[in-house]
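In what follows, a single structure is set out as structure tokens and then discussed.
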There are 2 protein chains.
Amino acid sequence: MPTELPVRDSEPHERADAARNRRRIVAAAERLFAREGVANVSMDAIAAEAGVGKGTLFRRFGDRASLARTLISEREAGFQDDLIRGAPPLGPGAPPVERLVAFGTGLIRFKAEHSDLFCAAENGQDGVRLRGSPYLSYRQHVRMLIEEADPGADADYLADVLLAALSAELISYLSGTAAMPLARVERGFEDLVRRLLSAP
Amino acid sequence: MPTELPVRDSEPHERADAARNRRRIVAAAERLFAREGVANVSMDAIAAEAGVGKGTLFRRFGDRASLARTLISEREAGFQDDLIRGAPPLGPGAPPVERLVAFGTGLIRFKAEHSDLFCAAENGQDGVRLRGSPYLSYRQHVRMLIEEADPGADADYLADVLLAALSAELISYLSGTAAMPLARVERGFEDLVRRLLSAP
DNA sequence: CGTATTACCGGACCGTGGTCCGTTTGCAAG
DNA sequence: CTTGCAAACGGACCACGGTCCGGTAATACG
């Protein structure tokens, strides 16, 4: 019986060079995306800029969408946290409908600001994006609020519908091609939520 | 002044070999998609099966998504027509909310049946799918019905939201990964429409 | 039928996302 | 320090979607 506990291998000891390379890759991607625009940067270019082999890049981040998601999640960690622990109306304490509206408004602004990155992140074959962990936690959050606001509704279905209304593709289309001001998109979503979940 | 009118060049005389090749390509694609599954068929394979060069394939149908849309539109022409000229509740005559419900139900069934084809068709970078002509005509239809049902609503915004709820990606995710029976998706959409557009 | 025009053909070619595998290297134990 | 080995590296490699352009043949016209 060992006297010291085995290393907690929930994070099984990432090697130093691996960590350094990951930081390099993230930094390189951020730099290139900012300079050239997300759509104009190839994975090859990122690897080169990071001074790293292509294989390394793809091992760390399984594919392009995944890399984009990593960059996003750095910026969105605060938002996620506000949903659970922040002040109302985003965080707990406000009525569910108000929380949903605040959630939608926040997400719309956030996605509009980084729309190209989000489009890269949400663009995978099939419904890859619908299975990623950030989506799942949003889904869980929305589902809970819907159920709280109206126990009679099909919260599972409606949660996915509301999130579809907040997809990067739609937001960037509306505020881009369709030339709809962001404020109108936000009002539209608010109206949508209130119509859906007003008390009978 | 010419005695005979110039040829109507709205359809500027497609050459015989071109027409034959187009038919061959469509037939080959249909065959391969049915046999191997849409996702497992490359454009090369389609060209080969059709006995045609790759260039021909891509000139006729600009890209993969476009080819998929062509195959779909053959099957959906009838549906499109029913919307405008068919019997109620799909066609004119029924109250707008009923028409929307019928439209959604029909589209859900149709997309679920050909989900892989639709996923190929709706999967382009950016919001390509939101600018294609089939989408636009659906959008116009939905927009009109919303306005008729509730002139106070932001019909432009809501039309896109309802169509997002009917996207192939969402439908195929719900009825596939999420294991939600199609009937529940249909009921969910119906409920959604009624909540949104019930008279105050 | 002969000829000119030109749409159309086909496959070589390119860049990209993603994989594979022989080689290197950080790390820990002796 | 030496040694052993798993982990990580990197770039050659592959398949695919999409483009290009020199050659071909269908059509129109005389």
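Residues are referred to by chain and number: the chain letter is A, B, ... according to the order shown in the structure tokens, the number counts from 1 in that chain, and ligands are numbered separately from 1 in the order shown.
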D:DA15 environment, 12 Å, only C-alpha atoms (C1' of nucleotides), sequence neighbours closer than 3 positions dropped, as a list in words | Val41, Ser42, Met43, Asp44 and Ala45 of chain B; DT16, DG17, DG18 and DT19 of chain C
Long-range neighbours of A:Asp63 as a PyMOL selection string, 12 Å cut-off, only C-alpha atoms (C1' of nucleotides), 2 positions minimum in chain = (chain A and resi 42-43+54-61+65-70+120-125+128) or (chain C and resi 17-19)
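Any residue of chain B with an atom within 7 Å of chain A counts; using only C-alpha atoms, that gives Cys119, Asp126, Gly127, Asp154, Tyr157, Val161, Ala164, Ala165, Glu169, Tyr173, Gly188, Arg195 and Leu196 of chain B.
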Alpha helix (DSSP H) positions in stretch 20-173 of chain A, given as a PyMOL selection string = chain A and resi 20-36+43-50+54-60+64-85+96-113+115-122+133-149+155-165+168-173
Since we have the selection now, will you write its residues out, keeping C-alpha atoms, as an mmCIF file, in the first residue's frame?
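Contents of part_38.cif, freshly written:
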data_model
loop_
_atom_site.group_PDB
_atom_site.id
_atom_site.type_symbol
_atom_site.label_atom_id
_atom_site.label_comp_id
_atom_site.auth_asym_id
_atom_site.auth_seq_id
_atom_site.Cartn_x
_atom_site.Cartn_y
_atom_site.Cartn_z
ATOM 1 C CA ARG A 20 4.091 25.613 -24.498
ATOM 2 C CA ASN A 21 2.992 24.548 -27.953
ATOM 3 C CA ARG A 22 -0.628 24.902 -27.051
ATOM 4 C CA ARG A 23 -0.073 28.442 -25.875
ATOM 5 C CA ARG A 24 1.879 29.195 -29.037
ATOM 6 C CA ILE A 25 -0.904 27.866 -31.217
ATOM 7 C CA VAL A 26 -3.598 29.826 -29.476
ATOM 8 C CA ALA A 27 -1.546 32.990 -29.676
ATOM 9 C CA ALA A 28 -0.757 32.435 -33.343
ATOM 10 C CA ALA A 29 -4.393 31.804 -34.192
ATOM 11 C CA GLU A 30 -5.498 34.915 -32.361
ATOM 12 C CA ARG A 31 -2.900 37.014 -34.132
ATOM 13 C CA LEU A 32 -3.697 35.690 -37.598
ATOM 14 C CA PHE A 33 -7.451 35.797 -37.169
ATOM 15 C CA ALA A 34 -7.215 39.409 -36.086
ATOM 16 C CA ARG A 35 -4.905 40.357 -38.903
ATOM 17 C CA GLU A 36 -6.321 38.436 -41.869
ATOM 18 C CA MET A 43 -4.712 25.631 -40.565
ATOM 19 C CA ASP A 44 -1.345 25.366 -42.314
ATOM 20 C CA ALA A 45 -0.799 29.067 -41.766
ATOM 21 C CA ILE A 46 -1.596 28.785 -38.081
ATOM 22 C CA ALA A 47 0.820 25.910 -37.636
ATOM 23 C CA ALA A 48 3.533 27.814 -39.459
ATOM 24 C CA GLU A 49 2.956 31.011 -37.500
ATOM 25 C CA ALA A 50 3.110 29.020 -34.290
ATOM 26 C CA LYS A 54 0.562 20.432 -38.556
ATOM 27 C CA GLY A 55 0.165 17.182 -36.690
ATOM 28 C CA THR A 56 0.690 18.942 -33.397
ATOM 29 C CA LEU A 57 -1.979 21.475 -34.192
ATOM 30 C CA PHE A 58 -4.534 18.825 -35.069
ATOM 31 C CA ARG A 59 -3.723 16.611 -32.120
ATOM 32 C CA ARG A 60 -4.287 19.424 -29.639
ATOM 33 C CA ARG A 64 -10.856 23.804 -37.122
ATOM 34 C CA ALA A 65 -14.215 24.264 -35.444
ATOM 35 C CA SER A 66 -12.789 22.998 -32.211
ATOM 36 C CA LEU A 67 -9.934 25.468 -32.305
ATOM 37 C CA ALA A 68 -12.407 28.283 -32.869
ATOM 38 C CA ARG A 69 -14.432 27.071 -29.910
ATOM 39 C CA THR A 70 -11.356 27.174 -27.717
ATOM 40 C CA LEU A 71 -10.698 30.794 -28.613
ATOM 41 C CA ILE A 72 -14.304 31.631 -27.945
ATOM 42 C CA SER A 73 -14.499 29.900 -24.629
ATOM 43 C CA GLU A 74 -11.731 32.056 -23.225
ATOM 44 C CA ARG A 75 -13.804 35.120 -23.900
ATOM 45 C CA GLU A 76 -17.100 33.651 -22.859
ATOM 46 C CA ALA A 77 -16.093 32.130 -19.557
ATOM 47 C CA GLY A 78 -17.196 35.247 -17.719
ATOM 48 C CA PHE A 79 -20.588 35.214 -19.367
ATOM 49 C CA GLN A 80 -21.143 31.555 -18.505
ATOM 50 C CA ASP A 81 -20.269 32.340 -14.943
ATOM 51 C CA ASP A 82 -22.626 35.299 -14.743
ATOM 52 C CA LEU A 83 -25.462 33.012 -15.765
ATOM 53 C CA ILE A 84 -24.971 30.867 -12.687
ATOM 54 C CA ARG A 85 -23.566 33.196 -10.095
ATOM 55 C CA PRO A 96 -37.297 33.300 -15.464
ATOM 56 C CA VAL A 97 -38.655 35.260 -18.385
ATOM 57 C CA GLU A 98 -36.454 38.215 -17.490
ATOM 58 C CA ARG A 99 -33.475 35.944 -17.179
ATOM 59 C CA LEU A 100 -34.149 34.444 -20.584
ATOM 60 C CA VAL A 101 -34.399 37.859 -22.159
ATOM 61 C CA ALA A 102 -31.154 38.951 -20.537
ATOM 62 C CA PHE A 103 -29.479 35.730 -21.661
ATOM 63 C CA GLY A 104 -30.605 36.210 -25.241
ATOM 64 C CA THR A 105 -29.620 39.835 -25.379
ATOM 65 C CA GLY A 106 -26.190 39.085 -23.988
ATOM 66 C CA LEU A 107 -25.616 36.212 -26.364
ATOM 67 C CA ILE A 108 -26.783 38.188 -29.380
ATOM 68 C CA ARG A 109 -24.353 40.988 -28.639
ATOM 69 C CA PHE A 110 -21.540 38.597 -27.973
ATOM 70 C CA LYS A 111 -22.075 36.572 -31.108
ATOM 71 C CA ALA A 112 -22.533 39.627 -33.282
ATOM 72 C CA GLU A 113 -19.222 40.967 -32.054
ATOM 73 C CA SER A 115 -19.578 36.539 -35.653
ATOM 74 C CA ASP A 116 -16.887 35.199 -37.954
ATOM 75 C CA LEU A 117 -15.316 33.203 -35.182
ATOM 76 C CA PHE A 118 -18.650 31.781 -34.149
ATOM 77 C CA CYS A 119 -19.490 30.877 -37.720
ATOM 78 C CA ALA A 120 -16.249 28.915 -37.917
ATOM 79 C CA ALA A 121 -17.082 27.259 -34.628
ATOM 80 C CA GLU A 122 -20.638 26.298 -35.487
ATOM 81 C CA SER A 133 -20.243 21.204 -24.412
ATOM 82 C CA PRO A 134 -20.835 24.968 -24.563
ATOM 83 C CA TYR A 135 -24.072 24.392 -26.428
ATOM 84 C CA LEU A 136 -25.149 21.744 -23.972
ATOM 85 C CA SER A 137 -24.715 23.955 -20.967
ATOM 86 C CA TYR A 138 -26.644 26.787 -22.599
ATOM 87 C CA ARG A 139 -29.313 24.309 -23.492
ATOM 88 C CA GLN A 140 -29.550 23.124 -19.922
ATOM 89 C CA HIS A 141 -29.805 26.685 -18.676
ATOM 90 C CA VAL A 142 -32.536 27.640 -21.115
ATOM 91 C CA ARG A 143 -34.440 24.430 -20.497
ATOM 92 C CA MET A 144 -34.506 25.102 -16.794
ATOM 93 C CA LEU A 145 -35.767 28.657 -17.201
ATOM 94 C CA ILE A 146 -38.493 27.595 -19.595
ATOM 95 C CA GLU A 147 -39.692 24.925 -17.245
ATOM 96 C CA GLU A 148 -39.741 27.400 -14.415
ATOM 97 C CA ALA A 149 -41.661 29.948 -16.444
ATOM 98 C CA ALA A 155 -39.095 22.661 -22.491
ATOM 99 C CA ASP A 156 -36.775 20.289 -24.314
ATOM 100 C CA TYR A 157 -38.089 21.280 -27.689
ATOM 101 C CA LEU A 158 -38.438 24.975 -26.980
ATOM 102 C CA ALA A 159 -34.918 25.214 -25.614
ATOM 103 C CA ASP A 160 -33.505 24.051 -28.920
ATOM 104 C CA VAL A 161 -35.753 26.408 -30.809
ATOM 105 C CA LEU A 162 -34.677 29.412 -28.760
ATOM 106 C CA LEU A 163 -31.047 28.475 -29.234
ATOM 107 C CA ALA A 164 -31.641 28.126 -32.955
ATOM 108 C CA ALA A 165 -32.908 31.691 -32.883
ATOM 109 C CA ALA A 168 -24.409 32.617 -35.091
ATOM 110 C CA GLU A 169 -25.487 31.913 -38.637
ATOM 111 C CA LEU A 170 -28.864 33.545 -38.125
ATOM 112 C CA ILE A 171 -27.590 36.510 -36.145
ATOM 113 C CA SER A 172 -24.828 37.254 -38.583
ATOM 114 C CA TYR A 173 -27.229 36.898 -41.494
#
Would you write out, as JSON lines, a table of all residues in chain D that have an atom no more than 12 Å from an atom of chain B, listing for each the closest atom pair and the distance in Å to one decimal, considering only C-alpha atoms (C1' of nucleotides) and ordering rows by chain and rising residue number?
{"residue": "D:DA15", "atom": "C1'", "partner": "B:Ser42", "partner_atom": "CA", "distance": 9.3}
{"residue": "D:DC16", "atom": "C1'", "partner": "B:Ser42", "partner_atom": "CA", "distance": 7.2}
{"residue": "D:DG17", "atom": "C1'", "partner": "B:Met43", "partner_atom": "CA", "distance": 7.6}
{"residue": "D:DG18", "atom": "C1'", "partner": "B:Asp63", "partner_atom": "CA", "distance": 7.7}
{"residue": "D:DT19", "atom": "C1'", "partner": "B:Gly55", "partner_atom": "CA", "distance": 8.4}
{"residue": "D:DC20", "atom": "C1'", "partner": "B:Gly55", "partner_atom": "CA", "distance": 9.2}
{"residue": "D:DC21", "atom": "C1'", "partner": "B:Gly55", "partner_atom": "CA", "distance": 10.9}
{"residue": "D:DA25", "atom": "C1'", "partner": "B:Asp17", "partner_atom": "CA", "distance": 9.7}
{"residue": "D:DA26", "atom": "C1'", "partner": "B:Arg15", "partner_atom": "CA", "distance": 7.1}
{"residue": "D:DT27", "atom": "C1'", "partner": "B:Arg15", "partner_atom": "CA", "distance": 8.2}
Please, which residues of chain C lie no more than 10 Å from chain B when the count uses only C-alpha atoms (C1' of nucleotides), and can they be set out as a PDB file with N, CA and C atoms (P, O5', C5', C4', C3', O3' and C1' of nucleotides), in the first residue's frame?
ATOM      1  P    DA C   7     -20.988  31.132 -76.193  1.00  0.00           P
ATOM      2  O5'  DA C   7     -21.901  30.045 -75.474  1.00  0.00           O
ATOM      3  C5'  DA C   7     -22.886  29.351 -76.224  1.00  0.00           C
ATOM      4  C4'  DA C   7     -22.754  27.843 -76.042  1.00  0.00           C
ATOM      5  C3'  DA C   7     -22.598  27.394 -74.586  1.00  0.00           C
ATOM      6  O3'  DA C   7     -23.464  26.304 -74.372  1.00  0.00           O
ATOM      7  C1'  DA C   7     -20.782  26.551 -75.884  1.00  0.00           C
ATOM      8  P    DC C   8     -23.602  25.664 -72.934  1.00  0.00           P
ATOM      9  O5'  DC C   8     -22.607  24.432 -73.082  1.00  0.00           O
ATOM     10  C5'  DC C   8     -22.682  23.598 -74.238  1.00  0.00           C
ATOM     11  C4'  DC C   8     -21.520  22.641 -74.187  1.00  0.00           C
ATOM     12  C3'  DC C   8     -21.249  22.033 -72.811  1.00  0.00           C
ATOM     13  O3'  DC C   8     -21.427  20.639 -72.909  1.00  0.00           O
ATOM     14  C1'  DC C   8     -19.252  22.710 -73.874  1.00  0.00           C
ATOM     15  P    DC C   9     -21.270  19.737 -71.583  1.00  0.00           P
ATOM     16  O5'  DC C   9     -19.836  19.093 -71.825  1.00  0.00           O
ATOM     17  C5'  DC C   9     -19.580  18.453 -73.064  1.00  0.00           C
ATOM     18  C4'  DC C   9     -18.149  17.980 -73.100  1.00  0.00           C
ATOM     19  C3'  DC C   9     -17.693  17.250 -71.855  1.00  0.00           C
ATOM     20  O3'  DC C   9     -17.295  15.943 -72.197  1.00  0.00           O
ATOM     21  C1'  DC C   9     -16.133  18.971 -72.457  1.00  0.00           C
ATOM     22  P    DG C  10     -17.242  14.837 -71.057  1.00  0.00           P
ATOM     23  O5'  DG C  10     -15.720  14.856 -70.589  1.00  0.00           O
ATOM     24  C5'  DG C  10     -14.720  14.616 -71.569  1.00  0.00           C
ATOM     25  C4'  DG C  10     -13.367  14.888 -70.998  1.00  0.00           C
ATOM     26  C3'  DG C  10     -13.131  14.275 -69.619  1.00  0.00           C
ATOM     27  O3'  DG C  10     -11.841  13.702 -69.602  1.00  0.00           O
ATOM     28  C1'  DG C  10     -12.711  16.582 -69.528  1.00  0.00           C
ATOM     29  P    DG C  11     -11.526  12.365 -68.821  1.00  0.00           P
ATOM     30  O5'  DG C  11     -10.027  12.557 -68.334  1.00  0.00           O
ATOM     31  C5'  DG C  11      -9.121  13.319 -69.145  1.00  0.00           C
ATOM     32  C4'  DG C  11      -8.430  14.352 -68.305  1.00  0.00           C
ATOM     33  C3'  DG C  11      -8.029  13.855 -66.899  1.00  0.00           C
ATOM     34  O3'  DG C  11      -6.773  14.405 -66.597  1.00  0.00           O
ATOM     35  C1'  DG C  11      -9.177  15.832 -66.702  1.00  0.00           C
TER      36       DG C  11
END
Please provide the set of residues having any atom within 12 Å of D:DG30, restricted to only C-alpha atoms (C1' of nucleotides), with same-chain residues fewer than 5 positions apart removed, written as a list in words.
-> DC1, DG2, DT3 and DA4 of chain C
